[in-house]
Structures are given as structure tokens and as C-alpha cells.
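Peer 1: Below is the file data.tsv, which contains TSV, C-alpha atoms.
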```
chain	number	residue	atom	x	y	z
A	1	MET	CA	5.14	26.45	-43.58
A	2	LEU	CA	6.08	27.58	-40.05
A	3	GLN	CA	9.76	27.31	-39.16
A	4	ALA	CA	11.09	26.75	-35.64
A	5	PHE	CA	13.77	29.18	-34.52
A	6	ARG	CA	16.26	29.33	-31.68
A	7	PRO	CA	16.01	32.12	-29.05
A	8	ASN	CA	19.33	33.64	-30.11
A	9	SER	CA	18.97	33.14	-33.84
A	10	PRO	CA	18.81	36.12	-36.27
A	11	THR	CA	15.12	35.34	-36.79
A	12	ALA	CA	14.42	35.61	-33.07
A	13	ILE	CA	16.26	38.94	-32.89
A	14	VAL	CA	14.19	40.33	-35.78
A	15	VAL	CA	10.94	39.19	-34.12
A	16	ARG	CA	11.92	40.79	-30.80
A	17	ALA	CA	12.91	44.02	-32.57
A	18	ALA	CA	9.61	44.11	-34.46
A	19	SER	CA	7.72	43.53	-31.23
A	20	THR	CA	9.63	46.35	-29.49
A	21	ASN	CA	9.02	48.74	-32.40
A	22	ALA	CA	5.32	47.89	-32.42
A	23	LYS	CA	5.13	48.58	-28.68
A	24	LYS	CA	6.85	51.96	-29.08
A	25	LEU	CA	4.57	52.88	-31.96
A	26	GLU	CA	1.51	52.05	-29.86
A	27	GLU	CA	2.88	54.20	-27.00
A	28	ILE	CA	3.35	57.13	-29.38
A	29	ARG	CA	-0.20	56.73	-30.68
A	30	GLU	CA	-1.55	56.76	-27.14
A	31	ARG	CA	0.36	59.96	-26.31
A	32	LEU	CA	-0.95	61.63	-29.47
A	33	ALA	CA	-4.51	60.56	-28.70
A	34	LYS	CA	-4.27	62.14	-25.22
A	35	GLY	CA	-2.82	65.38	-26.55
A	36	PRO	CA	-4.62	68.65	-27.33
A	37	ASN	CA	-7.13	68.72	-30.16
A	38	PHE	CA	-8.91	71.32	-32.27
A	39	GLN	CA	-11.42	72.06	-29.52
A	40	ASP	CA	-8.70	72.95	-27.01
A	41	PHE	CA	-7.38	75.67	-29.29
A	42	VAL	CA	-10.54	77.29	-30.63
A	43	GLN	CA	-11.85	77.78	-27.10
A	44	ASP	CA	-8.89	80.06	-26.32
A	45	PRO	CA	-9.79	83.67	-27.33
A	46	ASP	CA	-6.09	84.50	-27.76
A	47	ASN	CA	-5.64	81.68	-30.26
A	48	ILE	CA	-8.79	82.70	-32.14
A	49	LYS	CA	-7.49	86.26	-32.37
A	50	SER	CA	-4.06	85.20	-33.61
A	51	VAL	CA	-5.58	83.07	-36.38
A	52	GLY	CA	-7.40	86.10	-37.75
A	53	GLU	CA	-4.36	88.34	-37.45
A	54	ASN	CA	-2.07	85.88	-39.23
A	55	TYR	CA	-4.40	85.31	-42.20
A	56	ASP	CA	-2.59	86.59	-45.30
A	57	GLY	CA	-5.34	86.21	-47.90
A	58	LYS	CA	-3.71	83.18	-49.54
A	59	LEU	CA	-6.19	80.42	-50.38
A	60	ARG	CA	-4.14	77.89	-52.35
A	61	ARG	CA	-0.88	76.10	-51.58
A	62	GLU	CA	1.42	75.87	-54.59
A	63	LYS	CA	3.00	72.61	-55.73
A	64	GLY	CA	6.06	71.76	-53.62
A	65	GLU	CA	5.18	74.32	-50.96
A	66	GLU	CA	5.35	72.80	-47.47
A	67	GLN	CA	3.96	75.59	-45.28
A	68	ARG	CA	0.37	75.15	-44.14
A	69	LEU	CA	-2.23	77.66	-45.29
A	70	ARG	CA	-3.59	80.12	-42.74
A	71	LEU	CA	-7.21	79.60	-41.78
A	72	PRO	CA	-9.49	82.11	-43.56
A	73	PRO	CA	-12.00	84.13	-41.48
A	74	TRP	CA	-15.08	82.18	-42.62
A	75	LEU	CA	-13.70	78.95	-41.12
A	76	LYS	CA	-13.14	80.29	-37.62
A	77	THR	CA	-15.57	78.77	-35.12
A	78	THR	CA	-16.03	78.83	-31.38
A	79	ILE	CA	-17.32	75.93	-29.34
A	80	PRO	CA	-19.87	77.08	-26.74
A	81	MET	CA	-19.90	75.02	-23.56
A	82	GLY	CA	-23.47	75.53	-22.37
A	83	LYS	CA	-25.70	73.25	-20.30
A	84	ASN	CA	-27.05	71.44	-23.39
A	85	TYR	CA	-23.52	70.60	-24.53
A	86	THR	CA	-22.55	69.34	-21.07
A	87	LYS	CA	-25.74	67.30	-20.66
A	88	ILE	CA	-25.40	65.42	-23.94
A	89	LYS	CA	-21.69	64.76	-23.35
A	90	GLU	CA	-22.30	63.34	-19.87
A	91	GLN	CA	-25.04	61.03	-21.12
A	92	LEU	CA	-22.88	59.71	-23.94
A	93	ARG	CA	-20.07	58.95	-21.48
A	94	GLU	CA	-22.43	57.22	-19.06
A	95	LEU	CA	-23.68	54.88	-21.80
A	96	LYS	CA	-20.18	54.37	-23.24
A	97	LEU	CA	-21.17	55.71	-26.65
A	98	SER	CA	-18.82	57.33	-29.16
A	99	THR	CA	-19.70	60.17	-31.52
A	100	VAL	CA	-18.15	61.10	-34.82
A	101	CYS	CA	-18.61	64.71	-33.68
A	102	GLU	CA	-15.73	64.22	-31.23
A	103	GLU	CA	-13.64	61.57	-32.97
A	104	ALA	CA	-13.54	63.45	-36.30
A	105	ARG	CA	-13.19	66.81	-34.49
A	106	CYS	CA	-16.15	68.34	-36.28
A	107	PRO	CA	-16.16	72.18	-36.25
A	108	ASN	CA	-19.96	72.22	-35.78
A	109	ILE	CA	-19.97	70.31	-32.48
A	110	GLY	CA	-20.86	73.38	-30.43
A	111	GLU	CA	-23.81	74.32	-32.62
A	112	CYS	CA	-25.21	70.79	-32.77
A	113	TRP	CA	-24.61	69.70	-29.19
A	114	GLY	CA	-25.33	73.11	-27.68
A	115	GLY	CA	-28.57	73.48	-29.61
A	116	GLY	CA	-27.67	76.47	-31.77
A	117	GLU	CA	-30.24	79.20	-32.39
A	118	ASN	CA	-33.30	76.92	-32.32
A	119	GLY	CA	-32.30	74.95	-29.21
A	120	THR	CA	-32.50	71.56	-30.94
A	121	GLN	CA	-29.77	69.12	-29.94
A	122	THR	CA	-28.34	66.68	-32.45
A	123	ALA	CA	-25.45	64.25	-32.31
A	124	THR	CA	-24.11	61.63	-34.68
A	125	ILE	CA	-23.54	58.37	-32.81
A	126	MET	CA	-20.51	56.38	-33.97
A	127	LEU	CA	-21.13	52.65	-33.60
A	128	MET	CA	-18.68	49.78	-33.06
A	129	GLY	CA	-16.21	51.73	-30.96
A	130	ASP	CA	-13.77	54.55	-31.63
A	131	THR	CA	-11.08	52.59	-33.51
A	132	CYS	CA	-11.17	51.95	-37.27
A	133	THR	CA	-9.41	49.24	-39.27
A	134	ARG	CA	-8.67	51.69	-42.06
A	135	GLY	CA	-6.24	54.57	-42.23
A	136	CYS	CA	-7.63	57.25	-44.55
A	137	ARG	CA	-5.19	60.15	-44.75
A	138	PHE	CA	-7.84	62.80	-44.04
A	139	CYS	CA	-9.41	61.20	-40.96
A	140	SER	CA	-8.45	61.66	-37.30
A	141	VAL	CA	-10.25	58.56	-35.98
A	142	LYS	CA	-7.88	56.06	-34.33
A	143	THR	CA	-6.82	53.02	-36.36
A	144	ALA	CA	-5.79	49.43	-35.58
A	145	ARG	CA	-5.71	46.13	-37.44
A	146	LYS	CA	-7.84	44.48	-34.76
A	147	PRO	CA	-9.88	46.87	-32.61
A	148	PRO	CA	-11.57	45.72	-29.38
A	149	PRO	CA	-14.58	43.36	-29.69
A	150	LEU	CA	-18.02	44.85	-30.32
A	151	ASP	CA	-20.07	45.87	-27.30
A	152	GLU	CA	-23.15	43.64	-27.45
A	153	ASN	CA	-25.06	46.18	-25.32
A	154	GLU	CA	-24.40	49.05	-27.72
A	155	PRO	CA	-27.56	48.68	-29.87
A	156	VAL	CA	-29.81	48.84	-26.79
A	157	ASN	CA	-27.80	51.62	-25.09
A	158	THR	CA	-27.88	53.68	-28.26
A	159	ALA	CA	-31.63	53.23	-28.64
A	160	LYS	CA	-32.21	54.20	-24.99
A	161	ALA	CA	-30.19	57.40	-25.34
A	162	ILE	CA	-31.94	58.42	-28.55
A	163	ALA	CA	-35.38	57.72	-27.09
A	164	SER	CA	-34.61	59.96	-24.10
A	165	TRP	CA	-33.53	62.84	-26.33
A	166	GLY	CA	-36.92	62.99	-28.05
A	167	LEU	CA	-35.49	63.69	-31.49
A	168	ASP	CA	-37.26	63.30	-34.81
A	169	TYR	CA	-34.12	62.47	-36.79
A	170	ILE	CA	-30.93	60.65	-35.78
A	171	VAL	CA	-27.73	59.88	-37.66
A	172	LEU	CA	-25.74	56.71	-36.99
A	173	THR	CA	-22.27	56.28	-38.39
A	174	SER	CA	-19.54	53.77	-37.69
A	175	VAL	CA	-15.89	52.94	-38.00
A	176	ASP	CA	-14.82	50.37	-40.61
A	177	ARG	CA	-14.47	46.90	-39.13
A	178	ASP	CA	-12.75	44.84	-41.81
A	179	ASP	CA	-11.72	42.42	-39.05
A	180	LEU	CA	-15.32	41.19	-38.74
A	181	PRO	CA	-16.78	38.67	-41.25
A	182	ASP	CA	-19.82	40.87	-41.91
A	183	GLY	CA	-18.06	44.20	-41.39
A	184	GLY	CA	-20.40	44.87	-38.47
A	185	SER	CA	-23.46	45.14	-40.72
A	186	LYS	CA	-25.64	42.98	-38.43
A	187	HIS	CA	-24.64	45.12	-35.42
A	188	ILE	CA	-25.66	48.31	-37.23
A	189	ALA	CA	-28.92	46.75	-38.43
A	190	GLN	CA	-29.78	45.62	-34.89
A	191	THR	CA	-29.21	49.16	-33.60
A	192	VAL	CA	-31.67	50.56	-36.16
A	193	ARG	CA	-34.25	47.94	-35.20
A	194	GLU	CA	-33.85	48.78	-31.49
A	195	ILE	CA	-34.36	52.49	-32.22
A	196	LYS	CA	-37.45	51.89	-34.37
A	197	ALA	CA	-38.91	49.53	-31.75
A	198	ARG	CA	-38.92	52.39	-29.23
A	199	ASN	CA	-40.13	55.06	-31.67
A	200	SER	CA	-41.37	53.99	-35.08
A	201	ASN	CA	-41.80	57.62	-36.14
A	202	ILE	CA	-38.15	58.59	-35.77
A	203	PHE	CA	-36.21	58.91	-39.01
A	204	VAL	CA	-32.87	57.08	-39.01
A	205	GLU	CA	-29.92	57.84	-41.27
A	206	CYS	CA	-26.97	55.43	-41.39
A	207	LEU	CA	-23.61	56.61	-42.69
A	208	VAL	CA	-22.05	53.21	-43.27
A	209	PRO	CA	-18.79	51.66	-44.57
A	210	ASP	CA	-18.47	50.06	-48.01
A	211	PHE	CA	-18.08	46.57	-46.45
A	212	ARG	CA	-15.40	45.97	-49.11
A	213	GLY	CA	-18.19	45.74	-51.68
A	214	ASP	CA	-19.94	42.78	-50.01
A	215	LEU	CA	-23.53	43.17	-51.25
A	216	ASN	CA	-24.91	40.81	-48.60
A	217	CYS	CA	-23.83	43.37	-46.01
A	218	VAL	CA	-25.30	46.21	-48.07
A	219	GLU	CA	-28.62	44.36	-48.27
A	220	THR	CA	-28.62	43.76	-44.50
A	221	ILE	CA	-28.38	47.50	-43.88
A	222	ALA	CA	-30.75	48.53	-46.68
A	223	ASN	CA	-33.56	46.34	-45.34
A	224	CYS	CA	-33.18	46.88	-41.59
A	225	GLY	CA	-35.75	49.67	-41.38
A	226	LEU	CA	-33.59	52.75	-41.84
A	227	ASP	CA	-34.74	55.72	-43.93
A	228	VAL	CA	-31.51	57.20	-45.33
A	229	TYR	CA	-28.58	55.11	-46.59
A	230	ALA	CA	-25.42	57.23	-46.66
A	231	HIS	CA	-21.93	56.34	-47.81
A	232	ASN	CA	-19.34	59.00	-48.61
A	233	ILE	CA	-17.38	59.07	-51.83
A	234	GLU	CA	-15.11	61.66	-50.10
A	235	THR	CA	-13.14	62.91	-53.13
A	236	VAL	CA	-12.77	62.73	-56.90
A	237	GLU	CA	-11.66	59.54	-58.63
A	238	LYS	CA	-8.10	60.65	-59.39
A	239	LEU	CA	-7.37	61.53	-55.76
A	240	THR	CA	-9.10	58.52	-54.17
A	241	PRO	CA	-5.96	56.29	-53.91
A	242	PHE	CA	-4.05	59.10	-52.15
A	243	VAL	CA	-6.83	60.35	-49.86
A	244	ARG	CA	-8.72	57.21	-48.83
A	245	ASP	CA	-7.50	53.86	-47.53
A	246	ARG	CA	-6.43	51.57	-50.38
A	247	ARG	CA	-9.34	49.23	-49.62
A	248	ALA	CA	-11.79	52.01	-50.50
A	249	HIS	CA	-12.46	52.45	-54.21
A	250	TYR	CA	-14.31	55.18	-56.10
A	251	ARG	CA	-16.28	52.78	-58.31
A	252	GLN	CA	-16.96	50.48	-55.37
A	253	THR	CA	-18.60	53.38	-53.52
A	254	LEU	CA	-20.82	54.14	-56.51
A	255	ARG	CA	-21.81	50.47	-56.76
A	256	VAL	CA	-22.65	50.22	-53.05
A	257	LEU	CA	-24.90	53.28	-53.26
A	258	GLY	CA	-26.61	52.04	-56.40
A	259	GLU	CA	-27.19	48.54	-55.02
A	260	ALA	CA	-28.59	49.87	-51.72
A	261	LYS	CA	-31.25	51.68	-53.75
A	262	ARG	CA	-31.95	48.53	-55.73
A	263	PHE	CA	-32.37	46.46	-52.57
A	264	ASN	CA	-34.79	49.03	-51.15
A	265	PRO	CA	-36.22	51.59	-53.63
A	266	ASN	CA	-37.87	53.50	-50.76
A	267	LEU	CA	-34.50	54.51	-49.29
A	268	ILE	CA	-33.07	57.99	-49.71
A	269	THR	CA	-29.39	57.66	-50.63
A	270	LYS	CA	-26.80	60.24	-49.69
A	271	SER	CA	-23.09	60.95	-50.17
A	272	SER	CA	-20.49	63.63	-49.45
A	273	ILE	CA	-17.48	65.27	-51.12
A	274	MET	CA	-14.60	67.11	-49.44
A	275	LEU	CA	-13.14	70.06	-51.34
A	276	GLY	CA	-9.68	71.60	-51.05
A	277	LEU	CA	-7.53	68.52	-51.73
A	278	GLY	CA	-6.36	69.59	-55.17
A	279	GLU	CA	-9.36	68.54	-57.27
A	280	THR	CA	-10.38	70.48	-60.40
A	281	ASP	CA	-13.81	71.88	-61.22
A	282	GLU	CA	-14.17	69.35	-64.01
A	283	GLU	CA	-13.44	66.49	-61.59
A	284	ILE	CA	-16.00	67.76	-59.06
A	285	GLU	CA	-18.59	68.03	-61.84
A	286	ARG	CA	-17.81	64.45	-62.93
A	287	THR	CA	-18.13	63.13	-59.39
A	288	MET	CA	-21.48	64.83	-58.88
A	289	THR	CA	-22.72	63.41	-62.18
A	290	ASP	CA	-21.50	59.91	-61.27
A	291	LEU	CA	-23.37	60.09	-57.98
A	292	ARG	CA	-26.60	61.14	-59.67
A	293	GLU	CA	-26.25	58.32	-62.20
A	294	ALA	CA	-25.91	55.92	-59.24
A	295	GLY	CA	-29.26	57.16	-57.96
A	296	VAL	CA	-27.91	59.28	-55.09
A	297	GLU	CA	-30.51	61.86	-54.05
A	298	CYS	CA	-28.81	63.97	-51.38
A	299	LEU	CA	-25.32	65.46	-51.50
A	300	THR	CA	-23.16	67.49	-49.13
A	301	LEU	CA	-19.99	69.35	-50.06
A	302	GLY	CA	-17.66	70.80	-47.41
A	303	GLN	CA	-14.16	72.11	-46.87
A	304	TYR	CA	-11.44	69.60	-45.95
A	305	MET	CA	-9.64	70.76	-42.80
A	306	GLN	CA	-6.38	69.12	-41.76
A	307	PRO	CA	-6.99	67.56	-38.31
A	308	THR	CA	-3.31	67.14	-37.29
A	309	ASN	CA	0.18	67.65	-38.70
A	310	LYS	CA	0.27	63.95	-39.65
A	311	HIS	CA	-2.66	64.22	-42.06
A	312	LEU	CA	-2.98	65.52	-45.61
A	313	LYS	CA	-2.37	69.24	-45.98
A	314	VAL	CA	-5.06	71.52	-47.33
A	315	ILE	CA	-4.28	72.46	-50.93
A	316	GLU	CA	-6.95	75.14	-51.19
A	317	TYR	CA	-9.51	76.93	-49.05
A	318	VAL	CA	-12.61	77.13	-51.22
A	319	THR	CA	-14.57	80.38	-50.97
A	320	PRO	CA	-18.21	80.53	-49.83
A	321	GLU	CA	-19.09	81.86	-53.30
A	322	LYS	CA	-17.65	78.75	-54.93
A	323	PHE	CA	-19.55	76.50	-52.54
A	324	LYS	CA	-22.72	78.36	-53.53
A	325	HIS	CA	-21.93	77.56	-57.17
A	326	TRP	CA	-21.76	73.83	-56.38
A	327	GLU	CA	-25.03	74.01	-54.48
A	328	GLU	CA	-26.73	75.49	-57.54
A	329	ARG	CA	-25.05	72.93	-59.77
A	330	GLY	CA	-26.32	70.11	-57.54
A	331	ASN	CA	-29.86	71.43	-57.88
A	332	ASP	CA	-29.44	71.58	-61.67
A	333	LEU	CA	-28.30	67.94	-61.72
A	334	GLY	CA	-31.46	66.86	-59.92
A	335	PHE	CA	-30.38	66.13	-56.35
A	336	LEU	CA	-33.31	66.40	-53.94
A	337	TYR	CA	-31.05	68.33	-51.61
A	338	THR	CA	-27.55	69.78	-51.94
A	339	ALA	CA	-25.85	71.21	-48.84
A	340	SER	CA	-22.69	73.04	-49.86
A	341	GLY	CA	-20.61	75.28	-47.62
A	342	PRO	CA	-17.20	75.56	-45.93
A	343	LEU	CA	-18.40	74.11	-42.60
A	344	VAL	CA	-20.93	71.64	-44.00
A	345	ARG	CA	-20.22	68.02	-43.05
A	346	SER	CA	-21.84	64.77	-44.20
A	347	SER	CA	-24.02	64.80	-41.07
A	348	TYR	CA	-25.22	68.36	-40.64
A	349	LYS	CA	-28.52	69.26	-39.04
A	350	ALA	CA	-29.70	71.73	-41.69
A	351	GLY	CA	-29.70	68.85	-44.16
A	352	GLU	CA	-31.30	66.51	-41.67
A	353	PHE	CA	-34.25	68.86	-41.23
A	354	PHE	CA	-34.74	69.09	-44.99
A	355	ILE	CA	-34.50	65.33	-45.52
A	356	SER	CA	-36.93	64.69	-42.64
A	357	SER	CA	-39.51	66.88	-44.39
A	358	ILE	CA	-39.09	64.82	-47.59
A	359	LEU	CA	-39.54	61.60	-45.61
A	360	ALA	CA	-42.56	62.98	-43.75
A	361	ASN	CA	-44.23	63.98	-47.02
A	362	ARG	CA	-43.57	60.54	-48.49
A	363	LYS	CA	-44.99	58.88	-45.39
A	364	ALA	CA	-48.12	61.04	-45.50
A	365	LYS	CA	-48.71	60.26	-49.18
A	366	GLN	CA	-48.30	56.55	-48.52
A	367	SER	CA	-50.80	56.72	-45.66
A	368	GLN	CA	-53.30	58.42	-47.95
A	369	LEU	CA	-52.83	55.72	-50.57
A	370	ASP	CA	-53.22	52.96	-47.97
A	371	SER	CA	-56.44	54.50	-46.58
A	372	ALA	CA	-57.99	55.28	-49.98
A	373	PRO	CA	-61.04	53.14	-50.92
A	374	LYS	CA	-60.12	50.18	-53.07
A	375	ASN	CA	-62.17	49.68	-56.25
```
Will you turn the file into C-alpha cells for me?
Peer 2:
Amino acid sequence: MLQAFRPNSPTAIVVRAASTNAKKLEEIRERLAKGPNFQDFVQDPDNIKSVGENYDGKLRREKGEEQRLRLPPWLKTTIPMGKNYTKIKEQLRELKLSTVCEEARCPNIGECWGGGENGTQTATIMLMGDTCTRGCRFCSVKTARKPPPLDENEPVNTAKAIASWGLDYIVLTSVDRDDLPDGGSKHIAQTVREIKARNSNIFVECLVPDFRGDLNCVETIANCGLDVYAHNIETVEKLTPFVRDRRAHYRQTLRVLGEAKRFNPNLITKSSIMLGLGETDEEIERTMTDLREAGVECLTLGQYMQPTNKHLKVIEYVTPEKFKHWEERGNDLGFLYTASGPLVRSSYKAGEFFISSILANRKAKQSQLDSAPKN
């Protein structure tokens, strides 16, 4: 029951203090958000050089050790700022679209946006704004209990941008929106439908939230016309409560992936694991097996990289040789595709090209079956 209180009562003082603290906290968050990020540093040749010079060969942080590990040579990247990069960034700003490439400070942004060796541009559009209702300890995306309302024009704007790029494969991801009754599932589904309406041949992958296990939301996404249903398990079961937001659960993720496949057997399902958070080989093996048993067909494994001083520290830098081992293990377990490497992320264009070939082959076979004479 609500209680009335006097302006000068102890209760009123506590409320005013809480309000002041909340305001200060928000001001601090705004200053941090406007500060330098990973991109600002890796573009500086002097900083790149110093990283290499300071590397001491140590790959694992011991228990109780507070000092951050030095970045090993194979994780150093530069971010080219060519005309392709500038063009795609300007168009995204004009249409008020967010990308996970920027918000999550992905180390591959230069390669994907700039076109890389083959000149093909890719970007992962982040739907429903740039502010998440969850606070996973590995993620640099902004958080708030109640982010701004959804932009009702976003599905159409997103579809227009994608149509103008002329891509064959697009990845949509989103923030978590636990403040919305449907978690934003209808908004995501509408975006997919708008994209397909403009180009029915484009393959669409959606990296979606768990919707707190609400299977109605899962079904909405699974049957909206997308081709790849992705949801990341992120880490092994033992570390999940410490790495992910407490509303995210290891078994819930497995259930969501399994049910998506049940709702639409034609979907390709996909997930991702970060390495370097203190997991053991046995735990990685168990996680990969659990994902296969849930029907997941595509898997990516990449190195966790601490985005800011406020986030979880890297426990270990996993070697390229070890990542190669997990790629081979994924193939042994029966994944259609396993992308495993230090700079691999859940949305990475090498994997997208491979998955698009699988989808194209399936589509061609289905067309042959549909056109075959009926007895």
C-alpha cells in the first residue's frame, strides 16, 4: 500500500537522495558513452606499435591476479577508413539505424564495412535502438531499465537500406527489450517481412534475444520468413550466471533454439561461444554437445575481448591452434559449419557466405522437387 509522506520527512530525504544519485549515475554513463573507444586507439600507429612491444608472451591470468593481459600479436587489428566504410556509415546515420558492429566494438568492422579483399560490404543491423534492458558483464552495449520507445519506421528504413546495398545475405540482431510485452518479437518479424517483400531472394539471419523463454515470441520469429535463427549461448553452463545477465539461462537458451527448430524445421539454427573467460576444455566440449543435441547446425567460437575497464577481464588468450582444434571438433560433432578463430564473431561474413551456399542448395533442391512431374 502506498504511504503519504511529508516533504521534510526521512522518507522524503531518502527519495530525493536516490533521485540525485540516479541522476549522477546517468551523467557518468553519458560521459563514458562519449569517451574514446577501441576504434580510436587501434587507428593510432603509435598505440598499435606499443601493444606489440609490450606483449610478454603471457596468455593466462592467474587466480587473484588483477593486472590485465597484454594483447597477443594475432589479435591486433587496424580499422581502414576507405570510401566503402564511410559510405555505409553515412547511410546508417541518415536512416537512424544502429549496428552491433559499432555498439559491440567489433574488431572486424573495418574488414566488413570496408569490403575487405573481395570488396563485399556487410553490416549487422541492430534493431530496437542502441540501449538494452540487460546488463551482461561482457557486453559494451548501453543498458537501461526502460529504453526509448521503438521507432515504428525502423522496419521500413532497414529494408530500404538493405535493398539499396544489393546484398545476398543480411544479419539482423537486436538489444533485449524486457520492458515490452512481446520482447520486440513482432517488430523484428515485421522487419524481416519488409526485407523479403523487397527482395524475396535475400537470405536473412536474425540473432535474437531469448524473450525470457516465451515460446509465443520464439514462434513469431521462427515463422516470419527468416532463413537462419540465431541465439547465442555465449559461455559454458558454470560461468553463465557470472557472465550473462541473471535473466539469461543456459538451459533456457538451449530450449529456445530447440523450439525454434520445432516451430519451423526448415530453419538453420545457429549459436556462438566466447572463449577466454576461464572455461575448461571439458566444459567447452559439453556446451558444443548440448547445442548439437538441441538441433543447432551452425556454431561460431571466438576470443572474448574486454571492451572497457568496467567489464569482465580476460582470463586467457586462446591460441589460433586451439581454435583450430575446436573447429575440427565441431565438424566431428556434426555441425554443418563451425567457424572458430580469435577474431571470429557470431556474425562474421565468412560464415555468412558458407551458410548462404547451404540455403541456396536447399532452395534449388526444393524447386526441383516442386517442378518434378507428379505421378
Peer 1: Just the residues within 7 Å of range 205-214 of chain A, please, counting all atoms listed in the file, with nothing from its chain fewer than 6 positions along; format it as a list in words.
Peer 2: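 Counting only the stated atoms, we get Ile170, Val171, Leu172, Thr173, Ser174, Asp176, Gly183, Leu226, Asp227, Val228, Tyr229, Ala230, His231, Arg247, Gln252, Thr253 and Val256 of chain A.
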Peer 1: Using all atoms listed in the file for the distances, tell me which of A:Leu291, A:Ala222, A:Leu275, A:Ala364 is nearest to Arg262 in chain A.
Peer 2: A:Ala222
Peer 1: Please determine the residues with any atom at most 7 Å from (-26.1, 65.0, -50.5) (coordinates as given in the file, with only C-alpha atoms counting) and report them as a list in words.
Peer 2: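 Checking each residue against the 7 Å limit leaves Lys270, Ser271, Ser272, Glu297, Cys298, Leu299, Thr300, Tyr337, Thr338 and Ala339 of chain A.
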Peer 1: Fewer than 2 positions away in the same chain doesn't count, so skip those; otherwise give me all residues within 6 Å of range 311-319 of chain A, counting all atoms listed in the file, as a PDB file with C-alpha atoms, in the coordinates of the input.
Peer 2:
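Resulting contents of part06.pdb:
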```
ATOM      1  CA  LEU A  59      -6.190  80.420 -50.380  1.00  0.00           C
ATOM      2  CA  ARG A  60      -4.140  77.890 -52.350  1.00  0.00           C
ATOM      3  CA  ARG A  61      -0.880  76.100 -51.580  1.00  0.00           C
ATOM      4  CA  ARG A 137      -5.190  60.150 -44.750  1.00  0.00           C
ATOM      5  CA  PHE A 138      -7.840  62.800 -44.040  1.00  0.00           C
ATOM      6  CA  GLY A 276      -9.680  71.600 -51.050  1.00  0.00           C
ATOM      7  CA  LEU A 277      -7.530  68.520 -51.730  1.00  0.00           C
ATOM      8  CA  GLY A 278      -6.360  69.590 -55.170  1.00  0.00           C
ATOM      9  CA  GLN A 306      -6.380  69.120 -41.760  1.00  0.00           C
ATOM     10  CA  THR A 308      -3.310  67.140 -37.290  1.00  0.00           C
ATOM     11  CA  ASN A 309       0.180  67.650 -38.700  1.00  0.00           C
ATOM     12  CA  GLU A 321     -19.090  81.860 -53.300  1.00  0.00           C
ATOM     13  CA  LYS A 322     -17.650  78.750 -54.930  1.00  0.00           C
TER      14      LYS A 322
END
```
Peer 1: Out of A:Ala163, A:Val218, A:Ala197, A:Cys224, which residue has the shortest atom-to-atom distance to Gly258 in chain A when counting all atoms listed in the file?
Peer 2: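 Among A:Ala163, A:Val218, A:Ala197, A:Cys224, it is A:Val218 that comes nearest to Gly258 in chain A.
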Peer 1: Take CA of Asn157 in chain A and CA of Arg145 in chain A and report the distance between them in Å, one decimal.
Peer 2: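 According to the coordinates, CA of Asn157 in chain A and CA of Arg145 in chain A are separated by 25.9 Å.
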Peer 1: What is the distance between CA of Pro155 in chain A and CA of Ile125 in chain A, in Å to one decimal?
Peer 2: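 Spanning CA of Pro155 in chain A to CA of Ile125 in chain A is a straight-line distance of 10.9 Å.
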Peer 1: Would it be fine to have range 124-129 of chain A, with all heavy atoms, given as a PDB file, in the first residue's frame?
Peer 2:
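So the final result, stored in selection-v1.pdb, reads:
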```
ATOM      1  N   THR A 124      25.906  -5.722 -39.709  1.00  0.00           N
ATOM      2  CA  THR A 124      24.863  -6.352 -38.911  1.00  0.00           C
ATOM      3  C   THR A 124      24.017  -5.258 -38.268  1.00  0.00           C
ATOM      4  O   THR A 124      24.487  -4.537 -37.398  1.00  0.00           O
ATOM      5  CB  THR A 124      25.480  -7.270 -37.835  1.00  0.00           C
ATOM      6  OG1 THR A 124      26.253  -8.280 -38.474  1.00  0.00           O
ATOM      7  CG2 THR A 124      24.398  -7.928 -37.004  1.00  0.00           C
ATOM      8  N   ILE A 125      22.782  -5.129 -38.741  1.00  0.00           N
ATOM      9  CA  ILE A 125      21.880  -4.093 -38.237  1.00  0.00           C
ATOM     10  C   ILE A 125      21.353  -4.490 -36.862  1.00  0.00           C
ATOM     11  O   ILE A 125      20.914  -5.621 -36.645  1.00  0.00           O
ATOM     12  CB  ILE A 125      20.683  -3.896 -39.190  1.00  0.00           C
ATOM     13  CG1 ILE A 125      21.167  -3.513 -40.593  1.00  0.00           C
ATOM     14  CG2 ILE A 125      19.716  -2.852 -38.644  1.00  0.00           C
ATOM     15  CD1 ILE A 125      21.859  -2.187 -40.659  1.00  0.00           C
ATOM     16  N   MET A 126      21.406  -3.562 -35.906  1.00  0.00           N
ATOM     17  CA  MET A 126      20.890  -3.812 -34.569  1.00  0.00           C
ATOM     18  C   MET A 126      19.551  -3.101 -34.421  1.00  0.00           C
ATOM     19  O   MET A 126      19.487  -1.872 -34.423  1.00  0.00           O
ATOM     20  CB  MET A 126      21.868  -3.339 -33.499  1.00  0.00           C
ATOM     21  CG  MET A 126      21.476  -3.792 -32.101  1.00  0.00           C
ATOM     22  SD  MET A 126      22.803  -3.609 -30.898  1.00  0.00           S
ATOM     23  CE  MET A 126      22.838  -1.846 -30.686  1.00  0.00           C
ATOM     24  N   LEU A 127      18.493  -3.881 -34.300  1.00  0.00           N
ATOM     25  CA  LEU A 127      17.136  -3.341 -34.227  1.00  0.00           C
ATOM     26  C   LEU A 127      16.764  -2.894 -32.815  1.00  0.00           C
ATOM     27  O   LEU A 127      17.386  -3.290 -31.841  1.00  0.00           O
ATOM     28  CB  LEU A 127      16.141  -4.402 -34.704  1.00  0.00           C
ATOM     29  CG  LEU A 127      16.326  -4.924 -36.134  1.00  0.00           C
ATOM     30  CD1 LEU A 127      15.315  -6.037 -36.421  1.00  0.00           C
ATOM     31  CD2 LEU A 127      16.190  -3.808 -37.159  1.00  0.00           C
ATOM     32  N   MET A 128      15.737  -2.078 -32.738  1.00  0.00           N
ATOM     33  CA  MET A 128      15.109  -1.631 -31.488  1.00  0.00           C
ATOM     34  C   MET A 128      15.996  -0.700 -30.673  1.00  0.00           C
ATOM     35  O   MET A 128      15.909  -0.648 -29.454  1.00  0.00           O
ATOM     36  CB  MET A 128      14.647  -2.829 -30.650  1.00  0.00           C
ATOM     37  CG  MET A 128      13.681  -3.738 -31.393  1.00  0.00           C
ATOM     38  SD  MET A 128      12.787  -4.917 -30.360  1.00  0.00           S
ATOM     39  CE  MET A 128      14.106  -6.013 -29.839  1.00  0.00           C
ATOM     40  N   GLY A 129      16.858   0.038 -31.363  1.00  0.00           N
ATOM     41  CA  GLY A 129      17.663   1.045 -30.678  1.00  0.00           C
ATOM     42  C   GLY A 129      19.023   0.545 -30.239  1.00  0.00           C
ATOM     43  O   GLY A 129      19.434  -0.571 -30.556  1.00  0.00           O
TER      44      GLY A 129
END
```
